[in-house]
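Q: Sharing model.cif below, mmCIF, C-alpha atoms:
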```cif
data_work
loop_
_atom_site.group_PDB
_atom_site.id
_atom_site.type_symbol
_atom_site.label_atom_id
_atom_site.label_comp_id
_atom_site.auth_asym_id
_atom_site.auth_seq_id
_atom_site.Cartn_x
_atom_site.Cartn_y
_atom_site.Cartn_z
ATOM 1 C CA MET A 50 -13.373 21.075 9.884
ATOM 2 C CA TYR A 51 -11.872 17.797 8.723
ATOM 3 C CA MET A 52 -14.048 14.840 7.908
ATOM 4 C CA ASP A 53 -13.919 11.737 10.079
ATOM 5 C CA GLN A 54 -11.445 9.455 8.292
ATOM 6 C CA ASN A 55 -13.826 6.519 8.769
ATOM 7 C CA LYS A 56 -16.271 8.341 6.473
ATOM 8 C CA ILE A 57 -13.791 9.013 3.669
ATOM 9 C CA PRO A 58 -14.774 6.995 0.563
ATOM 10 C CA LYS A 59 -12.576 3.947 0.019
ATOM 11 C CA ALA A 60 -11.742 5.102 -3.524
ATOM 12 C CA THR A 61 -10.395 8.370 -2.097
ATOM 13 C CA ALA A 62 -8.391 6.574 0.591
ATOM 14 C CA LYS A 63 -6.734 4.405 -2.067
ATOM 15 C CA ARG A 64 -5.599 7.501 -3.987
ATOM 16 C CA LEU A 65 -3.957 9.213 -1.004
ATOM 17 C CA PRO A 66 -0.608 7.352 -1.282
ATOM 18 C CA LEU A 67 -0.526 8.281 -4.977
ATOM 19 C CA TYR A 68 -0.931 11.968 -4.142
ATOM 20 C CA TYR A 69 1.663 11.710 -1.381
ATOM 21 C CA ARG A 70 4.279 10.137 -3.651
ATOM 22 C CA PHE A 71 3.871 12.840 -6.319
ATOM 23 C CA LEU A 72 3.921 15.676 -3.772
ATOM 24 C CA ASN A 73 7.071 14.255 -2.231
ATOM 25 C CA SER A 74 8.671 14.234 -5.684
ATOM 26 C CA LEU A 75 7.707 17.892 -6.197
ATOM 27 C CA HIS A 76 9.103 18.792 -2.790
ATOM 28 C CA LEU A 77 12.422 17.137 -3.610
ATOM 29 C CA GLN A 78 12.529 19.190 -6.816
ATOM 30 C CA GLY A 79 12.135 22.382 -4.785
ATOM 31 C CA LYS A 80 8.657 23.248 -6.078
ATOM 32 C CA THR A 81 6.483 25.198 -3.669
ATOM 33 C CA ARG A 82 3.033 25.026 -5.241
ATOM 34 C CA VAL A 83 1.029 22.923 -7.658
ATOM 35 C CA SER A 84 -2.318 23.292 -9.398
ATOM 36 C CA SER A 85 -5.012 20.624 -9.511
ATOM 37 C CA LYS A 86 -4.414 20.485 -13.287
ATOM 38 C CA GLU A 87 -0.723 19.656 -12.774
ATOM 39 C CA LEU A 88 -1.653 17.051 -10.202
ATOM 40 C CA SER A 89 -4.213 15.609 -12.587
ATOM 41 C CA GLU A 90 -1.767 15.262 -15.465
ATOM 42 C CA SER A 91 0.861 13.623 -13.273
ATOM 43 C CA VAL A 92 -1.212 11.121 -11.277
ATOM 44 C CA LYS A 93 -3.752 10.490 -14.075
ATOM 45 C CA VAL A 94 -6.758 11.434 -11.965
ATOM 46 C CA ASP A 95 -9.132 14.119 -13.256
ATOM 47 C CA SER A 96 -9.026 17.558 -11.602
ATOM 48 C CA ALA A 97 -12.605 17.385 -10.323
ATOM 49 C CA THR A 98 -11.874 14.118 -8.526
ATOM 50 C CA ILE A 99 -8.716 15.565 -6.966
ATOM 51 C CA ARG A 100 -10.586 18.633 -5.708
ATOM 52 C CA ARG A 101 -13.344 16.414 -4.327
ATOM 53 C CA ASP A 102 -10.801 14.110 -2.637
ATOM 54 C CA PHE A 103 -9.042 17.042 -1.029
ATOM 55 C CA SER A 104 -12.347 18.582 0.074
ATOM 56 C CA TYR A 105 -12.882 15.677 2.458
ATOM 57 C CA PHE A 106 -9.964 17.029 4.487
ATOM 58 C CA GLY A 107 -10.992 20.694 4.450
ATOM 59 C CA ALA A 108 -9.983 23.675 2.275
ATOM 60 C CA LEU A 109 -6.424 22.747 1.331
ATOM 61 C CA GLY A 110 -6.021 24.976 -1.731
ATOM 62 C CA LYS A 111 -6.556 28.598 -2.803
ATOM 63 C CA LYS A 112 -8.279 29.618 -6.013
ATOM 64 C CA GLY A 113 -5.796 31.112 -8.472
ATOM 65 C CA TYR A 114 -2.856 29.929 -6.380
ATOM 66 C CA GLY A 115 -3.190 26.176 -6.289
ATOM 67 C CA TYR A 116 -1.897 24.036 -3.470
ATOM 68 C CA ASN A 117 1.056 24.658 -1.196
ATOM 69 C CA VAL A 118 3.275 21.610 -1.747
ATOM 70 C CA GLU A 119 4.947 21.610 1.664
ATOM 71 C CA TYR A 120 1.648 22.050 3.499
ATOM 72 C CA LEU A 121 -0.011 19.272 1.503
ATOM 73 C CA LEU A 122 2.976 16.989 1.971
ATOM 74 C CA ASN A 123 2.967 17.485 5.743
ATOM 75 C CA PHE A 124 -0.801 17.081 5.852
ATOM 76 C CA PHE A 125 -0.793 13.790 3.960
ATOM 77 C CA ARG A 126 2.246 12.541 5.861
ATOM 78 C CA LYS A 127 0.237 12.839 9.067
ATOM 79 C CA THR A 128 -2.917 11.475 7.447
ATOM 80 C CA LEU A 129 -1.063 8.420 6.145
ATOM 81 C CA ASP A 130 0.985 8.032 9.343
ATOM 82 C CA GLN A 131 4.211 8.370 7.374
ATOM 83 C CA ASP A 132 6.120 9.075 10.577
ATOM 84 C CA GLU A 133 5.211 5.653 11.979
ATOM 85 C CA ILE A 134 6.889 2.478 10.761
ATOM 86 C CA THR A 135 4.548 -0.341 9.741
ATOM 87 C CA ARG A 136 6.254 -3.710 10.208
ATOM 88 C CA VAL A 137 5.360 -6.224 7.508
ATOM 89 C CA ALA A 138 5.899 -9.968 7.189
ATOM 90 C CA LEU A 139 6.134 -11.766 3.845
ATOM 91 C CA ILE A 140 4.741 -15.281 3.643
ATOM 92 C CA GLY A 141 6.050 -17.245 0.671
ATOM 93 C CA VAL A 142 9.482 -16.572 -0.815
ATOM 94 C CA GLY A 143 8.975 -17.745 -4.387
ATOM 95 C CA ASN A 144 9.744 -15.591 -7.414
ATOM 96 C CA LEU A 145 7.220 -12.888 -6.497
ATOM 97 C CA GLY A 146 8.102 -12.970 -2.814
ATOM 98 C CA THR A 147 11.816 -12.693 -3.589
ATOM 99 C CA ALA A 148 11.122 -9.662 -5.780
ATOM 100 C CA PHE A 149 9.273 -8.035 -2.872
ATOM 101 C CA LEU A 150 12.182 -8.683 -0.524
ATOM 102 C CA ASN A 151 14.692 -7.143 -2.918
ATOM 103 C CA TYR A 152 12.446 -4.113 -3.491
ATOM 104 C CA ASN A 153 11.197 -3.792 0.101
ATOM 105 C CA PHE A 154 9.191 -0.631 -0.572
ATOM 106 C CA THR A 155 12.197 1.624 -1.025
ATOM 107 C CA LYS A 156 9.902 4.559 -1.908
ATOM 108 C CA ASN A 157 7.832 4.164 1.270
ATOM 109 C CA ASN A 158 9.818 5.186 4.319
ATOM 110 C CA ASN A 159 7.076 4.001 6.669
ATOM 111 C CA THR A 160 6.645 0.461 5.328
ATOM 112 C CA LYS A 161 9.248 -2.257 5.749
ATOM 113 C CA ILE A 162 9.290 -6.017 5.328
ATOM 114 C CA GLU A 163 11.107 -7.146 8.448
ATOM 115 C CA MET A 164 10.845 -10.912 8.102
ATOM 116 C CA ALA A 165 9.813 -13.606 5.666
ATOM 117 C CA PHE A 166 8.656 -17.218 5.966
ATOM 118 C CA ASP A 167 8.990 -20.199 3.645
ATOM 119 C CA THR A 168 9.622 -23.962 3.605
ATOM 120 C CA ASP A 169 12.479 -24.044 1.077
ATOM 121 C CA PRO A 170 15.653 -25.200 2.898
ATOM 122 C CA GLY A 171 17.690 -23.226 0.383
ATOM 123 C CA LYS A 172 16.080 -19.991 1.632
ATOM 124 C CA VAL A 173 15.267 -20.652 5.288
ATOM 125 C CA ASP A 174 17.880 -19.254 7.709
ATOM 126 C CA HIS A 175 19.248 -16.989 4.977
ATOM 127 C CA ASN A 176 18.859 -13.271 4.298
ATOM 128 C CA ILE A 177 17.311 -12.100 1.032
ATOM 129 C CA GLY A 178 17.464 -8.378 0.335
ATOM 130 C CA GLY A 179 18.619 -7.927 3.915
ATOM 131 C CA VAL A 180 15.484 -9.645 5.265
ATOM 132 C CA PRO A 181 15.778 -12.818 7.386
ATOM 133 C CA VAL A 182 13.836 -15.847 6.145
ATOM 134 C CA TYR A 183 12.410 -18.221 8.759
ATOM 135 C CA HIS A 184 10.676 -21.568 8.404
ATOM 136 C CA ILE A 185 6.895 -21.306 8.212
ATOM 137 C CA ASP A 186 6.652 -23.692 11.167
ATOM 138 C CA ASP A 187 8.205 -20.926 13.293
ATOM 139 C CA LEU A 188 5.665 -18.265 12.261
ATOM 140 C CA GLU A 189 4.144 -17.843 15.712
ATOM 141 C CA GLU A 190 7.571 -17.620 17.345
ATOM 142 C CA TYR A 191 8.941 -14.766 15.238
ATOM 143 C CA ILE A 192 6.055 -12.685 13.936
ATOM 144 C CA GLY A 193 5.710 -10.727 17.190
ATOM 145 C CA ASN A 194 4.103 -7.293 16.794
ATOM 146 C CA VAL A 195 4.015 -7.281 12.992
ATOM 147 C CA SER A 196 0.727 -5.685 11.922
ATOM 148 C CA ALA A 197 0.507 -6.577 8.219
ATOM 149 C CA ALA A 198 1.389 -9.517 6.022
ATOM 150 C CA ILE A 199 1.938 -10.081 2.311
ATOM 151 C CA LEU A 200 0.693 -13.468 1.151
ATOM 152 C CA THR A 201 2.495 -15.004 -1.837
ATOM 153 C CA VAL A 202 1.999 -18.708 -1.131
ATOM 154 C CA PRO A 203 0.342 -21.386 -3.312
ATOM 155 C CA ALA A 204 -3.456 -20.961 -3.381
ATOM 156 C CA GLN A 205 -4.096 -24.244 -1.579
ATOM 157 C CA ALA A 206 -2.050 -23.086 1.408
ATOM 158 C CA ALA A 207 -3.514 -19.582 1.630
ATOM 159 C CA GLN A 208 -6.433 -20.168 4.016
ATOM 160 C CA ALA A 209 -4.482 -22.226 6.536
ATOM 161 C CA ILE A 210 -1.710 -19.623 6.644
ATOM 162 C CA THR A 211 -4.300 -16.859 6.926
ATOM 163 C CA ASP A 212 -5.908 -18.547 9.934
ATOM 164 C CA ARG A 213 -2.522 -18.653 11.651
ATOM 165 C CA LEU A 214 -1.851 -14.996 10.836
ATOM 166 C CA VAL A 215 -5.192 -13.998 12.320
ATOM 167 C CA GLU A 216 -4.396 -15.942 15.483
ATOM 168 C CA CYS A 217 -1.094 -14.029 15.676
ATOM 169 C CA GLY A 218 -2.935 -10.709 15.662
ATOM 170 C CA ILE A 219 -2.253 -9.571 12.090
ATOM 171 C CA ALA A 220 -4.541 -6.638 11.240
ATOM 172 C CA GLY A 221 -4.167 -6.550 7.451
ATOM 173 C CA ILE A 222 -3.261 -8.923 4.627
ATOM 174 C CA LEU A 223 -2.193 -8.124 1.064
ATOM 175 C CA ASN A 224 -3.225 -11.297 -0.741
ATOM 176 C CA PHE A 225 -1.461 -12.087 -4.010
ATOM 177 C CA THR A 226 -2.878 -15.614 -4.230
ATOM 178 C CA PRO A 227 -5.904 -16.535 -6.392
ATOM 179 C CA ALA A 228 -7.662 -17.799 -3.237
ATOM 180 C CA ARG A 229 -10.410 -15.653 -1.728
ATOM 181 C CA ILE A 230 -9.403 -16.030 1.900
ATOM 182 C CA ALA A 231 -11.933 -15.759 4.719
ATOM 183 C CA VAL A 232 -11.123 -13.575 7.730
ATOM 184 C CA PRO A 233 -12.999 -12.033 10.673
ATOM 185 C CA SER A 234 -14.703 -8.692 9.953
ATOM 186 C CA ASN A 235 -12.038 -6.743 11.858
ATOM 187 C CA ILE A 236 -9.243 -7.895 9.519
ATOM 188 C CA ARG A 237 -8.592 -5.902 6.342
ATOM 189 C CA VAL A 238 -7.736 -7.898 3.214
ATOM 190 C CA HIS A 239 -6.753 -6.499 -0.173
ATOM 191 C CA HIS A 240 -6.829 -9.061 -2.985
ATOM 192 C CA ILE A 241 -4.441 -8.577 -5.894
ATOM 193 C CA ASP A 242 -4.735 -11.246 -8.591
ATOM 194 C CA LEU A 243 -2.156 -10.423 -11.259
ATOM 195 C CA ALA A 244 -3.695 -12.863 -13.760
ATOM 196 C CA ILE A 245 -7.097 -11.182 -13.490
ATOM 197 C CA GLU A 246 -5.544 -7.725 -13.775
ATOM 198 C CA LEU A 247 -3.725 -8.798 -16.934
ATOM 199 C CA GLN A 248 -6.879 -10.348 -18.425
ATOM 200 C CA SER A 249 -8.750 -7.140 -17.671
ATOM 201 C CA LEU A 250 -6.038 -5.072 -19.368
ATOM 202 C CA VAL A 251 -6.111 -7.264 -22.479
ATOM 203 C CA TYR A 252 -9.914 -7.004 -22.641
ATOM 204 C CA PHE A 253 -9.800 -3.210 -22.503
ATOM 205 C CA LEU A 254 -7.066 -3.109 -25.128
ATOM 206 C CA LYS A 255 -9.262 -5.110 -27.493
ATOM 207 C CA HIS A 256 -12.637 -3.523 -26.831
ATOM 208 C CA TYR A 257 -11.989 0.110 -25.856
#
```
Please rewrite the model in this file as structure tokens.

A:
Amino acid sequence: MYMDQNKIPKATAKRLPLYYRFLNSLHLQGKTRVSSKELSESVKVDSATIRRDFSYFGALGKKGYGYNVEYLLNFFRKTLDQDEITRVALIGVGNLGTAFLNYNFTKNNNTKIEMAFDTDPGKVDHNIGGVPVYHIDDLEEYIGNVSAAILTVPAQAAQAITDRLVECGIAGILNFTPARIAVPSNIRVHHIDLAIELQSLVYFLKHY
């Protein structure tokens, strides 16, 4: 019996895309099975954690055999809704935003930035990485049924833009600004502060 996905630990949920990407790579190489040890060495997660993560979804492996790559891949594809396209909007087409548009999640078939917003007249009404850039004043007109947004605007503009996104029905925000934006409890926000991550890395390099 599979565990209710609402009860899966958040740490486990965050590792699922990592497992999926590696399994997809194995599948493309023609490999049919993989051990938890091989998984561990490749995704840098210890074997016990992998077995515990997988146990939340039922008995997915066989002792002495390992895991069936195709079965796992199909299982995680359904779990992660890889067959459904998630439409994403990018807010803020500076250096980081432009990099996102050019990359546009080429390794994730189910995630696609479909539109971007900015105030720069040199970018508005142009395509960057094949993605149309609209003026931020036209956010409500174009955002439509987009369900997630990436926020790469100046910190002082983050909350006001967030409020508008919430009013538009956005369900999730990936926030790359230093601002700790406030949203209703039904909106999911993931904060990614690159400066803090770098400071943390430097600290660990010096002290561990």

Q: Excluding range 222-228 of chain A and any residue of its chain fewer than 4 positions from it, enumerate the residues within 10 Å of it, using only C-alpha atoms, and give them as a PyMOL selection string.

A: chain A and resi 137-140+145-146+196-208+211+214-215+232+236-245

Q: Given the point (6.1, 25.5, -6.3) in the coordinates of this file, which residues lie within 9 Å, counting all atoms listed in the file, and how would they look as a list in words?

A: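 These residues have at least one counted atom within 9 Å: Leu75, His76, Gly79, Lys80, Thr81, Arg82, Val83, Tyr116, Asn117, Val118 and Glu119 of chain A.
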
Q: For this file, the PyMOL selection byres ((chain A and resi 92) around 8) selects which residues, as a list in words?

A: Leu67, Tyr68, Phe71, Leu88, Ser89, Glu90, Ser91, Lys93 and Val94 of chain A

Q: Which residue gives the smallest distance to Tyr120 in chain A among A:Leu72, A:His175, A:Arg64, A:Lys255, with only C-alpha atoms counted?

A: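 Nearest to Tyr120 in chain A: A:Leu72.
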
Q: Extract, using only C-alpha atoms, all DNA, RNA and protein residues at most 12 Å from range 57-63 of chain A, discarding same-chain residues fewer than 3 positions from it, and format them as a ChimeraX atom specification.

A: /A:51-54,66-69,94,98-106,125,128-129,239
